[in-house]
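Participant: Hey, dropping my_file30.txt in here, compact mmCIF, C-alpha atoms:
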```txt
# COMPACT_ATOMS: atom_id res chain seq x y z
CA MET A 1 -8.99 63.58 1.68
CA ALA A 2 -10.68 60.24 1.26
CA LYS A 3 -8.60 57.30 0.23
CA THR A 4 -9.68 55.00 -2.56
CA PRO A 5 -9.55 51.21 -2.29
CA VAL A 6 -7.65 49.54 -5.13
CA GLN A 7 -7.38 45.79 -5.70
CA PHE A 8 -4.79 44.32 -8.04
CA ARG A 9 -2.62 41.23 -8.44
CA LEU A 10 1.04 41.63 -7.48
CA ASN A 11 3.34 38.85 -8.65
CA GLY A 12 0.36 36.48 -8.71
CA SER A 13 -1.05 37.39 -5.28
CA ASP A 14 -4.17 39.46 -4.66
CA LYS A 15 -3.53 42.80 -2.97
CA ALA A 16 -5.94 45.40 -1.65
CA VAL A 17 -4.69 48.83 -0.61
CA PHE A 18 -6.05 52.30 0.06
CA VAL A 19 -4.43 54.91 -2.15
CA ASP A 20 -4.35 58.68 -2.00
CA GLY A 21 -5.79 60.61 -4.92
CA GLY A 22 -3.09 61.08 -7.54
CA GLU A 23 -0.73 58.58 -5.86
CA ASN A 24 1.56 56.73 -8.25
CA LEU A 25 1.97 52.97 -8.46
CA LEU A 26 5.58 53.14 -7.26
CA ASN A 27 4.50 54.69 -3.95
CA VAL A 28 1.81 52.07 -3.55
CA LEU A 29 4.30 49.26 -4.20
CA ARG A 30 7.00 50.60 -1.88
CA ARG A 31 4.93 52.14 0.93
CA GLY A 32 1.57 50.46 0.50
CA VAL A 33 2.45 46.79 0.05
CA GLY A 34 6.15 46.77 0.96
CA ASP A 35 7.57 45.62 -2.37
CA MET A 36 10.82 47.62 -2.48
CA SER A 37 12.20 46.06 -5.67
CA ALA A 38 11.18 48.92 -7.99
CA LYS A 39 13.24 52.02 -7.17
CA TYR A 40 12.49 55.73 -7.18
CA GLY A 41 14.99 57.47 -9.43
CA CYS A 42 13.96 60.54 -11.38
CA GLY A 43 10.18 60.61 -11.00
CA GLN A 44 10.07 61.86 -14.58
CA GLY A 45 10.02 58.70 -16.68
CA THR A 46 13.61 59.19 -17.76
CA CYS A 47 15.68 56.65 -15.82
CA GLY A 48 13.59 53.46 -15.91
CA VAL A 49 14.53 52.18 -12.43
CA CYS A 50 10.83 51.87 -11.54
CA THR A 51 9.99 49.69 -14.58
CA VAL A 52 7.37 47.05 -13.74
CA LEU A 53 5.05 44.98 -15.91
CA VAL A 54 1.36 45.86 -15.93
CA ASP A 55 -0.64 43.12 -17.66
CA GLY A 56 2.67 41.99 -19.17
CA GLU A 57 3.63 45.37 -20.62
CA PRO A 58 6.56 47.39 -19.30
CA GLN A 59 5.41 50.55 -17.55
CA LEU A 60 7.03 53.19 -15.40
CA ALA A 61 5.51 52.82 -11.95
CA CYS A 62 6.38 56.43 -11.01
CA LEU A 63 4.19 57.72 -13.87
CA THR A 64 1.36 55.22 -13.43
CA LEU A 65 -1.69 56.51 -11.60
CA ALA A 66 -2.30 53.80 -8.99
CA GLU A 67 -6.03 53.77 -9.55
CA THR A 68 -5.57 52.71 -13.17
CA CYS A 69 -4.13 49.40 -11.91
CA ALA A 70 -7.41 48.29 -10.32
CA GLY A 71 -8.15 44.75 -11.46
CA ARG A 72 -4.88 44.48 -13.33
CA SER A 73 -1.81 42.33 -12.89
CA VAL A 74 1.46 43.92 -11.76
CA ASP A 75 4.78 42.08 -11.86
CA THR A 76 7.96 43.31 -10.19
CA ALA A 77 11.50 41.98 -9.85
CA LEU A 78 10.53 40.62 -6.43
CA GLY A 79 8.40 38.01 -8.18
CA LEU A 80 11.09 36.82 -10.59
CA SER A 81 12.71 34.14 -8.46
CA ASP A 82 10.94 30.94 -7.47
CA GLY A 83 11.92 30.65 -3.83
CA PRO A 84 15.70 30.14 -3.74
CA ASN A 85 15.81 29.48 -7.49
CA LEU A 86 16.76 32.60 -9.38
CA HIS A 87 15.12 33.54 -12.67
CA PRO A 88 17.45 32.84 -15.66
CA LEU A 89 17.78 36.59 -16.16
CA GLN A 90 18.93 37.07 -12.56
CA THR A 91 21.47 34.25 -12.91
CA ALA A 92 22.76 35.71 -16.15
CA PHE A 93 23.08 39.21 -14.63
CA MET A 94 25.16 37.68 -11.84
CA GLU A 95 27.38 35.62 -14.13
CA HIS A 96 28.03 38.51 -16.51
CA PHE A 97 28.68 41.10 -13.77
CA ALA A 98 25.77 43.10 -15.13
CA ALA A 99 25.11 44.72 -11.74
CA GLN A 100 27.48 46.95 -9.83
CA CYS A 101 25.62 49.32 -7.51
CA GLY A 102 22.40 47.50 -8.41
CA PHE A 103 20.11 50.50 -8.47
CA CYS A 104 19.12 50.05 -12.11
CA THR A 105 19.03 46.26 -11.94
CA SER A 106 15.40 45.61 -11.04
CA GLY A 107 14.23 47.95 -13.81
CA MET A 108 16.65 46.36 -16.29
CA LEU A 109 15.42 42.89 -15.33
CA MET A 110 11.79 43.82 -15.90
CA ALA A 111 12.53 45.57 -19.20
CA ALA A 112 14.45 42.46 -20.27
CA LYS A 113 11.64 40.15 -19.13
CA ALA A 114 9.14 42.18 -21.17
CA LEU A 115 11.34 41.60 -24.21
CA LEU A 116 12.03 37.88 -23.71
CA ASP A 117 8.36 37.15 -22.96
CA ARG A 118 7.45 38.18 -26.51
CA ASN A 119 10.74 37.57 -28.34
CA ALA A 120 12.61 34.48 -27.15
CA SER A 121 15.70 35.01 -29.32
CA PRO A 122 16.32 38.72 -29.73
CA THR A 123 19.23 40.29 -31.59
CA ARG A 124 21.68 42.54 -29.74
CA GLU A 125 20.00 45.50 -31.38
CA GLU A 126 16.60 44.41 -30.10
CA VAL A 127 18.04 43.96 -26.60
CA ALA A 128 19.58 47.45 -26.72
CA GLU A 129 16.24 48.85 -27.86
CA ALA A 130 14.40 47.01 -25.07
CA ILE A 131 16.57 48.57 -22.35
CA SER A 132 16.84 51.96 -24.05
CA GLY A 133 14.55 53.48 -21.42
CA ASN A 134 16.75 52.26 -18.57
CA ILE A 135 19.84 54.15 -17.48
CA CYS A 136 22.88 52.47 -15.90
CA ARG A 137 25.72 54.63 -14.59
CA CYS A 138 28.05 51.85 -13.38
CA THR A 139 28.79 48.90 -15.62
CA GLY A 140 27.86 50.40 -18.94
CA TYR A 141 25.43 48.54 -21.10
CA GLU A 142 27.63 45.81 -22.63
CA PRO A 143 27.55 43.40 -19.64
CA ILE A 144 23.81 43.93 -19.31
CA ILE A 145 23.19 43.21 -22.99
CA ASN A 146 25.49 40.17 -22.78
CA ALA A 147 23.53 38.90 -19.77
CA ILE A 148 20.18 39.28 -21.50
CA MET A 149 21.48 37.56 -24.66
CA ASP A 150 22.84 34.71 -22.52
CA ALA A 151 19.59 34.35 -20.60
CA ALA A 152 17.71 34.14 -23.88
CA ALA A 153 20.06 31.47 -25.20
CA LYS A 154 19.90 29.40 -21.99
CA ARG A 155 16.13 29.64 -21.78
CA GLY A 156 16.02 27.74 -25.04
CA GLY A 157 15.43 30.75 -27.19
CA GLY A 158 17.78 29.19 -29.71
CA SER A 159 21.04 30.52 -30.94
CA ASN A 160 21.71 34.21 -30.81
CA ARG A 161 21.02 35.39 -34.29
CA GLU A 162 23.77 37.95 -34.11
CA GLN A 163 26.97 37.12 -32.30
CA GLY A 164 28.81 40.42 -32.70
CA HIS A 165 29.62 42.67 -29.77
CA ALA A 166 28.67 45.98 -31.34
CA ARG A 167 29.10 48.97 -29.10
CA VAL A 168 25.82 50.47 -28.02
CA MET B 1 -1.27 67.06 -1.15
CA ALA B 2 -3.73 64.49 -2.32
CA LEU B 3 -5.65 65.09 -5.49
CA THR B 4 -9.19 64.18 -6.41
CA VAL B 5 -9.51 61.54 -9.12
CA LYS B 6 -12.81 61.42 -11.02
CA THR B 7 -13.54 58.54 -13.38
CA PHE B 8 -16.27 58.69 -16.03
CA GLY B 9 -17.67 56.16 -18.47
CA SER B 10 -18.08 58.62 -21.32
CA MET B 11 -15.99 61.35 -22.85
CA SER B 12 -18.87 63.87 -22.69
CA GLU B 13 -19.18 63.44 -18.91
CA ALA B 14 -15.40 63.76 -18.61
CA ALA B 15 -15.45 66.93 -20.73
CA ALA B 16 -18.15 68.44 -18.51
CA ALA B 17 -16.16 67.60 -15.36
CA LEU B 18 -13.07 69.13 -16.90
CA ALA B 19 -14.85 72.37 -17.73
CA SER B 20 -16.39 72.77 -14.29
CA ASP B 21 -13.10 72.77 -12.36
CA ARG B 22 -10.22 75.08 -13.20
CA THR B 23 -7.70 72.81 -11.45
CA ALA B 24 -8.84 69.72 -13.37
CA ARG B 25 -6.67 67.99 -15.96
CA PHE B 26 -7.59 65.00 -18.09
CA ILE B 27 -5.21 62.09 -17.49
CA SER B 28 -4.58 59.52 -20.17
CA GLY B 29 -1.18 57.79 -20.31
CA GLY B 30 0.15 59.92 -17.47
CA THR B 31 3.65 60.48 -18.84
CA LEU B 32 3.22 64.27 -18.78
CA LEU B 33 0.75 64.76 -15.92
CA MET B 34 2.17 62.29 -13.39
CA ARG B 35 5.58 63.79 -14.02
CA ALA B 36 4.19 67.25 -13.22
CA ILE B 37 2.51 65.88 -10.09
CA ASN B 38 5.72 64.15 -8.97
CA GLU B 39 7.48 67.48 -9.38
CA GLY B 40 4.92 69.16 -7.12
CA ASP B 41 2.80 71.08 -9.63
CA THR B 42 0.18 72.57 -7.31
CA SER B 43 -1.96 73.94 -10.13
CA ILE B 44 -3.41 70.44 -10.56
CA GLY B 45 -6.21 69.67 -8.08
CA THR B 46 -8.33 67.12 -9.91
CA LEU B 47 -7.53 64.33 -12.34
CA VAL B 48 -10.32 63.38 -14.71
CA ARG B 49 -10.25 59.91 -16.31
CA SER B 50 -12.41 58.15 -18.82
CA THR B 51 -12.97 54.41 -19.19
CA ASP B 52 -14.64 54.92 -22.59
CA THR B 53 -13.08 52.20 -24.77
CA GLY B 54 -13.92 54.06 -28.00
CA TYR B 55 -11.35 56.60 -26.93
CA ARG B 56 -8.58 54.11 -27.76
CA GLN B 57 -9.87 52.85 -31.10
CA ILE B 58 -8.15 53.27 -34.44
CA ARG B 59 -10.38 53.32 -37.53
CA SER B 60 -8.80 53.30 -40.93
CA ASP B 61 -10.10 53.33 -44.48
CA PRO B 62 -8.16 53.59 -47.76
CA SER B 63 -7.83 57.37 -47.62
CA ARG B 64 -8.07 58.44 -43.97
CA VAL B 65 -7.22 57.20 -40.50
CA GLU B 66 -9.00 58.23 -37.31
CA ILE B 67 -6.87 57.59 -34.23
CA GLY B 68 -8.57 57.73 -30.84
CA ALA B 69 -6.73 60.15 -28.57
CA GLY B 70 -6.24 57.34 -26.05
CA ALA B 71 -4.40 55.12 -28.53
CA ARG B 72 -0.86 54.55 -27.26
CA MET B 73 2.35 54.49 -29.26
CA VAL B 74 2.40 50.67 -28.95
CA ASP B 75 -1.11 50.57 -30.41
CA ILE B 76 0.11 52.56 -33.43
CA LEU B 77 3.10 50.21 -33.78
CA ALA B 78 0.86 47.13 -33.60
CA ASN B 79 -1.37 48.38 -36.42
CA ARG B 80 -0.09 47.40 -39.86
CA ASP B 81 -2.39 49.89 -41.57
CA LEU B 82 -0.45 52.69 -39.89
CA ALA B 83 3.01 51.71 -41.14
CA PHE B 84 3.61 55.27 -42.32
CA LEU B 85 3.36 56.45 -38.70
CA HIS B 86 5.61 53.74 -37.24
CA PRO B 87 8.88 55.70 -37.57
CA ALA B 88 7.33 58.57 -35.60
CA ALA B 89 5.82 56.28 -32.93
CA ARG B 90 9.00 54.21 -32.52
CA ILE B 91 11.12 57.18 -31.43
CA VAL B 92 8.84 58.23 -28.56
CA GLY B 93 10.65 57.40 -25.30
CA GLY B 94 11.66 53.84 -24.47
CA PRO B 95 9.41 50.75 -24.53
CA ALA B 96 7.73 51.59 -21.20
CA VAL B 97 6.90 55.14 -22.27
CA ARG B 98 5.52 53.82 -25.56
CA ALA B 99 3.23 51.46 -23.62
CA MET B 100 1.83 54.46 -21.73
CA ALA B 101 2.07 57.61 -23.85
CA THR B 102 -0.97 58.38 -25.98
CA VAL B 103 -1.52 60.20 -29.25
CA GLY B 104 -3.79 62.72 -27.54
CA GLY B 105 -1.23 63.43 -24.82
CA ASN B 106 1.51 63.95 -27.37
CA LEU B 107 -0.43 66.97 -28.71
CA PHE B 108 0.21 68.67 -25.37
CA ALA B 109 3.91 67.79 -24.99
CA GLY B 110 6.08 70.88 -24.68
CA SER B 111 9.21 71.35 -26.78
CA PRO B 112 11.53 69.42 -27.21
CA TYR B 113 8.94 66.62 -26.81
CA GLY B 114 5.97 65.94 -29.08
CA ASP B 115 7.74 64.51 -32.13
CA PHE B 116 4.74 62.35 -33.02
CA THR B 117 2.68 65.51 -33.33
CA THR B 118 5.24 66.83 -35.83
CA ALA B 119 4.42 63.84 -38.05
CA LEU B 120 0.67 64.45 -37.66
CA LEU B 121 1.16 68.10 -38.62
CA ALA B 122 2.79 67.16 -41.93
CA LEU B 123 -0.21 64.90 -42.66
CA ASP B 124 -2.73 67.75 -42.32
CA ALA B 125 -4.25 66.24 -39.19
CA THR B 126 -7.60 67.34 -37.82
CA VAL B 127 -8.30 67.25 -34.07
CA SER B 128 -11.72 66.15 -32.80
CA ILE B 129 -12.71 67.97 -29.63
CA GLN B 130 -15.59 67.15 -27.32
CA ALA B 131 -17.00 70.42 -26.01
CA ALA B 132 -17.97 70.63 -22.33
CA TYR B 133 -21.63 70.86 -23.17
CA GLY B 134 -23.01 69.91 -26.54
CA GLY B 135 -21.37 68.32 -29.46
CA ALA B 136 -18.01 67.65 -30.96
CA GLN B 137 -16.03 70.00 -33.14
CA GLN B 138 -13.17 69.58 -35.57
CA MET B 139 -10.14 71.82 -35.75
CA PRO B 140 -7.01 71.74 -37.92
CA LEU B 141 -4.05 70.56 -35.80
CA GLU B 142 -2.02 73.66 -36.57
CA GLN B 143 -4.77 75.90 -35.19
CA PHE B 144 -5.23 73.61 -32.19
CA LEU B 145 -1.55 73.79 -31.29
CA GLN B 146 -1.63 77.58 -31.20
CA SER B 147 -4.36 77.54 -28.55
CA ARG B 148 -3.76 74.21 -26.81
CA ASP B 149 -3.00 75.76 -23.41
CA ARG B 150 -6.35 77.57 -23.46
CA SER B 151 -8.28 74.63 -24.89
CA SER B 152 -11.40 73.99 -22.82
CA GLY B 153 -12.73 70.89 -24.56
CA LEU B 154 -11.45 67.35 -24.52
CA VAL B 155 -9.44 65.90 -27.43
CA THR B 156 -11.11 62.64 -28.48
CA ALA B 157 -9.40 61.75 -31.76
CA VAL B 158 -6.99 62.84 -34.46
CA THR B 159 -7.70 62.21 -38.14
CA VAL B 160 -5.01 62.13 -40.83
CA SER B 161 -4.98 61.52 -44.57
CA ARG B 162 -2.86 58.66 -45.77
CA PRO B 163 0.31 59.77 -47.56
CA ALA B 164 0.13 59.81 -51.38
CA SER B 165 2.61 56.89 -51.40
CA PRO B 166 4.76 55.23 -48.72
CA ASP B 167 7.85 57.03 -50.01
CA ALA B 168 6.06 60.39 -50.04
CA PHE B 169 6.01 60.60 -46.24
CA ARG B 170 9.29 60.99 -44.39
CA PHE B 171 10.19 61.49 -40.77
CA ARG B 172 13.47 62.13 -39.02
CA LYS B 173 14.27 62.70 -35.38
CA VAL B 174 17.69 64.07 -34.56
CA SER B 175 18.99 63.16 -31.12
CA ARG B 176 22.41 62.86 -29.56
CA VAL B 177 21.84 59.48 -27.92
CA LYS B 178 20.68 56.36 -29.75
CA PRO B 179 18.36 54.55 -29.67
CA LYS B 180 16.57 56.73 -27.13
CA GLY B 181 17.32 60.41 -26.81
CA VAL B 182 15.37 63.63 -26.60
CA SER B 183 15.07 65.64 -29.81
CA VAL B 184 17.55 68.22 -30.96
CA LEU B 185 14.88 68.62 -33.62
CA SER B 186 12.54 66.52 -35.73
CA ILE B 187 11.30 66.93 -39.29
CA ALA B 188 8.29 65.39 -41.00
CA ALA B 189 7.55 65.89 -44.68
CA HIS B 190 4.74 64.83 -46.97
CA LEU B 191 6.01 65.21 -50.53
CA PRO B 192 3.36 64.34 -53.12
CA ALA B 193 4.67 64.69 -56.68
CA THR B 194 3.18 64.48 -60.14
CA GLY B 195 5.50 63.99 -63.05
CA GLY B 196 8.50 64.56 -60.78
CA ARG B 197 7.21 67.97 -59.61
CA LEU B 198 6.16 68.56 -56.01
CA SER B 199 2.69 69.82 -55.38
CA ASN B 200 1.20 70.78 -51.98
CA ALA B 201 4.21 69.62 -50.00
CA ARG B 202 3.88 69.73 -46.22
CA VAL B 203 6.92 70.15 -43.98
CA ALA B 204 6.72 70.29 -40.18
CA TYR B 205 9.36 70.79 -37.49
CA GLY B 206 9.51 69.64 -33.89
CA ALA B 207 11.62 71.42 -31.22
CA MET B 208 12.05 74.45 -33.48
CA ALA B 209 9.36 76.48 -31.64
CA PRO B 210 7.31 76.08 -28.42
CA THR B 211 5.00 73.72 -30.34
CA PRO B 212 5.56 71.71 -33.54
CA ILE B 213 5.20 74.11 -36.49
CA ARG B 214 4.64 74.03 -40.23
CA ALA B 215 7.62 75.26 -42.28
CA ARG B 216 5.55 77.37 -44.66
CA ALA B 217 8.48 79.11 -46.35
CA VAL B 218 9.97 75.70 -47.16
CA GLU B 219 6.62 74.42 -48.45
CA ARG B 220 6.29 77.47 -50.77
CA ALA B 221 9.86 77.05 -52.00
CA LEU B 222 9.19 73.39 -52.85
CA GLU B 223 6.06 74.04 -54.93
CA GLY B 224 6.61 72.80 -58.49
CA ARG B 225 10.21 71.82 -57.79
CA SER B 226 11.85 68.43 -58.14
CA LEU B 227 13.52 66.50 -55.34
CA ASP B 228 17.15 66.96 -56.36
CA ALA B 229 19.97 69.17 -55.14
CA ALA B 230 19.11 72.07 -57.45
CA GLY B 231 15.36 71.74 -56.89
CA ILE B 232 15.54 71.93 -53.12
CA ALA B 233 18.18 74.68 -52.86
CA PRO B 234 15.64 77.51 -52.34
CA ALA B 235 13.85 75.43 -49.69
CA LEU B 236 17.09 74.86 -47.79
CA ALA B 237 17.85 78.59 -47.91
CA ALA B 238 14.46 79.23 -46.30
CA ALA B 239 14.74 76.35 -43.81
CA ALA B 240 14.98 78.38 -40.60
CA GLU B 241 12.38 80.99 -41.53
CA GLY B 242 9.73 81.37 -38.84
CA THR B 243 11.52 79.16 -36.32
CA THR B 244 12.02 80.16 -32.68
CA PRO B 245 13.89 77.22 -31.14
CA ALA B 246 14.80 77.07 -27.46
CA THR B 247 18.23 76.87 -25.93
CA ASP B 248 18.18 73.89 -23.58
CA ALA B 249 20.50 71.22 -22.20
CA LEU B 250 20.49 69.42 -25.55
CA ALA B 251 21.27 72.23 -27.97
CA SER B 252 21.38 75.99 -28.28
CA ALA B 253 18.91 77.84 -30.47
CA TRP B 254 21.85 78.78 -32.69
CA TYR B 255 22.88 75.12 -33.10
CA ARG B 256 19.34 74.01 -33.91
CA ARG B 257 19.06 76.63 -36.67
CA GLU B 258 22.51 75.75 -38.02
CA VAL B 259 21.88 72.01 -38.35
CA LEU B 260 18.28 72.32 -39.51
CA PRO B 261 19.09 72.75 -43.25
CA VAL B 262 21.49 69.79 -43.11
CA HIS B 263 18.80 67.47 -41.80
CA LEU B 264 16.14 68.98 -44.04
CA ARG B 265 18.33 68.19 -47.04
CA ARG B 266 18.72 64.60 -45.88
CA VAL B 267 14.96 64.25 -45.46
CA LEU B 268 14.17 65.77 -48.85
CA LEU B 269 16.79 63.78 -50.74
CA GLY B 270 16.09 60.59 -48.81
CA GLU B 271 19.67 60.38 -47.55
CA THR B 272 20.52 58.42 -44.45
CA GLY B 273 23.16 59.36 -41.90
```
Would you give me this structure, written as structure tokens?
Facilitator:
Amino acid sequence: MAKTPVQFRLNGSDKAVFVDGGENLLNVLRRGVGDMSAKYGCGQGTCGVCTVLVDGEPQLACLTLAETCAGRSVDTALGLSDGPNLHPLQTAFMEHFAAQCGFCTSGMLMAAKALLDRNASPTREEVAEAISGNICRCTGYEPIINAIMDAAAKRGGGSNREQGHARV
Amino acid sequence: MALTVKTFGSMSEAAAALASDRTARFISGGTLLMRAINEGDTSIGTLVRSTDTGYRQIRSDPSRVEIGAGARMVDILANRDLAFLHPAARIVGGPAVRAMATVGGNLFAGSPYGDFTTALLALDATVSIQAAYGGAQQMPLEQFLQSRDRSSGLVTAVTVSRPASPDAFRFRKVSRVKPKGVSVLSIAAHLPATGGRLSNARVAYGAMAPTPIRARAVERALEGRSLDAAGIAPALAAAAEGTTPATDALASAWYRREVLPVHLRRVLLGETG
């Protein structure tokens, strides 16, 4: 079966790969270009561990037909840090113990980035909604929500409009 | 096993390609098809795509709205003219699924998915289908859903009437997990009234049958009635008529039928909770 060439931008760098017909973006990232930050969890669009940004929008890489990414821009958790300098979200996840086993973390970070890129000072409810497609089985969601709220505040998103710690 | 992916610039070419290959499926957002492929569905041999931009457009006028089948849930949510559909679009998956899943794809989602289609059904939606060769045809959504697995054409758009008033259209999804959980059931109702009396009410259920269905017994029982406890009592008594819900990991068929009248009452009386 012939392979199809696909060119796209990954974390700001041009990439060109040959993909199999029907291959998903997650396979292309992990096996094709060696970006292992997005994980393979359920393969059904349920767990969110493969969340990446395509042209700035959160998408599930396991359900994205690789060929549809031709000419588009893909961002993964691998591109978050600037050399040794962590992204504010990564720092906040560390400080708030928002990662335990870490399997959900890269998907959580990208879902959170998608939110903060369009809403600099979200409410807790908006944060919970933004990560509602991402499952964590270790820490529970409170530390993750706290981390995202903190990152928003420290990025200069202003004060958190809602300070309560409602259970989600 | 690798698949063949065929990309076309127009929907008519895509429809022809789809009709000429029994293993071909049309891929749009991918949330149903890529999942099937990841799970090893060997009945799929070819994926047909279209880059036709008209396929994503939403056209609205004061009385009707035509939604391109390729419009995604986020496109619905970004369109202020479609505020009446926002509650139904907002409960589809999480943010990533909403940035992928399309209106056309939702018509093919098996129970307990396809809640957006439940809303369309209560709005008397019409499905536009591009035949493999020749022109387009229109089909009422209810009829389309009964034959969707045998459908040979390509869904290009869905057209709905605007609700009589914002309050006349109601939608409720019942799930065990908030904010994102799969449906125990969903209910959509269009309740136009004149002088306090209902006329031509439409009520649709999701996850109460293999496809979203109209609750015809409820609609009949609401004709000429008022939206109060006494007025809706006959409709609640007929709530489960014609339903064939599944027993799955979320709820048993028995449970779905038991809780259906409770949620129907809340929808009809505009109660929250």
Participant: Any chance you could tabulate, as JSON lines, the residues of chain B at most 9 Å from chain A with each one's nearest atom pair and distance in Å to one decimal, using all atoms listed in the file, in chain and rising number order?
Facilitator:
```
{"residue": "B:Met1", "atom": "CA", "partner": "A:Gly21", "partner_atom": "CA", "distance": 8.7}
{"residue": "B:Ala2", "atom": "CA", "partner": "A:Gly21", "partner_atom": "CA", "distance": 5.1}
{"residue": "B:Leu3", "atom": "CA", "partner": "A:Gly21", "partner_atom": "CA", "distance": 4.5}
{"residue": "B:Thr4", "atom": "CA", "partner": "A:Gly21", "partner_atom": "CA", "distance": 5.2}
{"residue": "B:Val5", "atom": "CA", "partner": "A:Gly21", "partner_atom": "CA", "distance": 5.7}
{"residue": "B:Ile27", "atom": "CA", "partner": "A:Leu65", "partner_atom": "CA", "distance": 8.8}
{"residue": "B:Gly29", "atom": "CA", "partner": "A:Thr64", "partner_atom": "CA", "distance": 7.8}
{"residue": "B:Gly30", "atom": "CA", "partner": "A:Leu63", "partner_atom": "CA", "distance": 5.8}
{"residue": "B:Thr31", "atom": "CA", "partner": "A:Leu63", "partner_atom": "CA", "distance": 5.7}
{"residue": "B:Leu32", "atom": "CA", "partner": "A:Leu63", "partner_atom": "CA", "distance": 8.2}
{"residue": "B:Leu33", "atom": "CA", "partner": "A:Leu63", "partner_atom": "CA", "distance": 8.1}
{"residue": "B:Met34", "atom": "CA", "partner": "A:Leu63", "partner_atom": "CA", "distance": 5.0}
{"residue": "B:Arg35", "atom": "CA", "partner": "A:Gln44", "partner_atom": "CA", "distance": 4.9}
{"residue": "B:Ala36", "atom": "CA", "partner": "A:Gln44", "partner_atom": "CA", "distance": 8.1}
{"residue": "B:Ile37", "atom": "CA", "partner": "A:Gly22", "partner_atom": "CA", "distance": 7.8}
{"residue": "B:Asn38", "atom": "CA", "partner": "A:Gly43", "partner_atom": "CA", "distance": 6.0}
{"residue": "B:Glu39", "atom": "CA", "partner": "A:Gly43", "partner_atom": "CA", "distance": 7.6}
{"residue": "B:Thr46", "atom": "CA", "partner": "A:Gly22", "partner_atom": "CA", "distance": 8.3}
{"residue": "B:Leu47", "atom": "CA", "partner": "A:Gly22", "partner_atom": "CA", "distance": 7.3}
{"residue": "B:Gly93", "atom": "CA", "partner": "A:Gly133", "partner_atom": "CA", "distance": 6.8}
{"residue": "B:Gly94", "atom": "CA", "partner": "A:Gly133", "partner_atom": "CA", "distance": 4.2}
{"residue": "B:Pro95", "atom": "CA", "partner": "A:Ala130", "partner_atom": "CA", "distance": 6.3}
{"residue": "B:Ala96", "atom": "CA", "partner": "A:Gln59", "partner_atom": "CA", "distance": 4.4}
{"residue": "B:Val97", "atom": "CA", "partner": "A:Gln59", "partner_atom": "CA", "distance": 6.8}
{"residue": "B:Arg98", "atom": "CA", "partner": "A:Gln59", "partner_atom": "CA", "distance": 8.7}
{"residue": "B:Ala99", "atom": "CA", "partner": "A:Gln59", "partner_atom": "CA", "distance": 6.5}
{"residue": "B:Met100", "atom": "CA", "partner": "A:Gln59", "partner_atom": "CA", "distance": 6.8}
{"residue": "B:Lys178", "atom": "CA", "partner": "A:Val168", "partner_atom": "CA", "distance": 8.0}
{"residue": "B:Pro179", "atom": "CA", "partner": "A:Glu129", "partner_atom": "CA", "distance": 6.3}
{"residue": "B:Lys180", "atom": "CA", "partner": "A:Ser132", "partner_atom": "CA", "distance": 5.7}
{"residue": "B:Gly181", "atom": "CA", "partner": "A:Ser132", "partner_atom": "CA", "distance": 8.9}
```
Participant: I'd like the interatomic distance between atom CA of A:Asp75 and atom CA of A:Leu10, to a tenth of an Å.
Facilitator: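 Separation of atom CA of A:Asp75 and atom CA of A:Leu10: 5.8 Å.
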Participant: So how many Å separate atom CA of B:Ala230 and atom CA of B:Tyr255, to one decimal?
Facilitator: 24.8 Å
Participant: Go through B:Phe26, B:Tyr133, B:Phe84, B:Phe8 and flag the residue nearest B:Asp52, using all atoms listed in the file for the distances.
Facilitator: B:Phe8
Participant: If we count only C-alpha atoms, what is near A:Ser81 at a cut-off of 10 Å, once residues fewer than 6 positions away on the same chain are taken out, given as an mmCIF file with C-alpha atoms, in the coordinates of the input?
Facilitator:
```
data_model
loop_
_atom_site.group_PDB
_atom_site.id
_atom_site.type_symbol
_atom_site.label_atom_id
_atom_site.label_comp_id
_atom_site.auth_asym_id
_atom_site.auth_seq_id
_atom_site.Cartn_x
_atom_site.Cartn_y
_atom_site.Cartn_z
ATOM 1 C CA HIS A 87 15.120 33.540 -12.670
ATOM 2 C CA PRO A 88 17.450 32.840 -15.660
ATOM 3 C CA LEU A 89 17.780 36.590 -16.160
ATOM 4 C CA GLN A 90 18.930 37.070 -12.560
ATOM 5 C CA THR A 91 21.470 34.250 -12.910
#
```
Participant: Which residues come within 10 Å of A:Cys69, counting all atoms listed in the file, excluding same-chain residues fewer than 6 positions away, as a list in words?
Facilitator: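 Here the qualifying residues turn out to be Val6, Gln7, Phe8, Arg9, Asn24, Leu25, Val54 and Asp55 of chain A.
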Participant: Report, in Å with one decimal, the straight-line distance from atom CA of B:Arg148 to atom CA of B:Thr126.
Facilitator: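 Atom CA of B:Arg148 sits 13.5 Å away from atom CA of B:Thr126.
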Participant: As a compact mmCIF listing (two decimals) with C-alpha atoms, in the coordinates of the input, please: the residues near B:Ile129 (cut-off 7 Å, all atoms listed in the file, same-chain neighbours under 2 positions excluded).
Facilitator:
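To be explicit, this is the file written out as selection-v9.txt:
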```txt
# COMPACT_ATOMS: atom_id res chain seq x y z
CA VAL B 127 -8.30 67.25 -34.07
CA ALA B 131 -17.00 70.42 -26.01
CA ALA B 136 -18.01 67.65 -30.96
CA GLN B 137 -16.03 70.00 -33.14
CA GLN B 138 -13.17 69.58 -35.57
CA GLY B 153 -12.73 70.89 -24.56
CA LEU B 154 -11.45 67.35 -24.52
CA VAL B 155 -9.44 65.90 -27.43
CA THR B 156 -11.11 62.64 -28.48
```
Participant: Let me make sure I understand: among B:Glu241, B:Asp248, B:Asp21, B:Glu223, which one has the smallest atom-to-atom distance to B:Leu260 if we use all atoms listed in the file?
Facilitator: B:Glu241
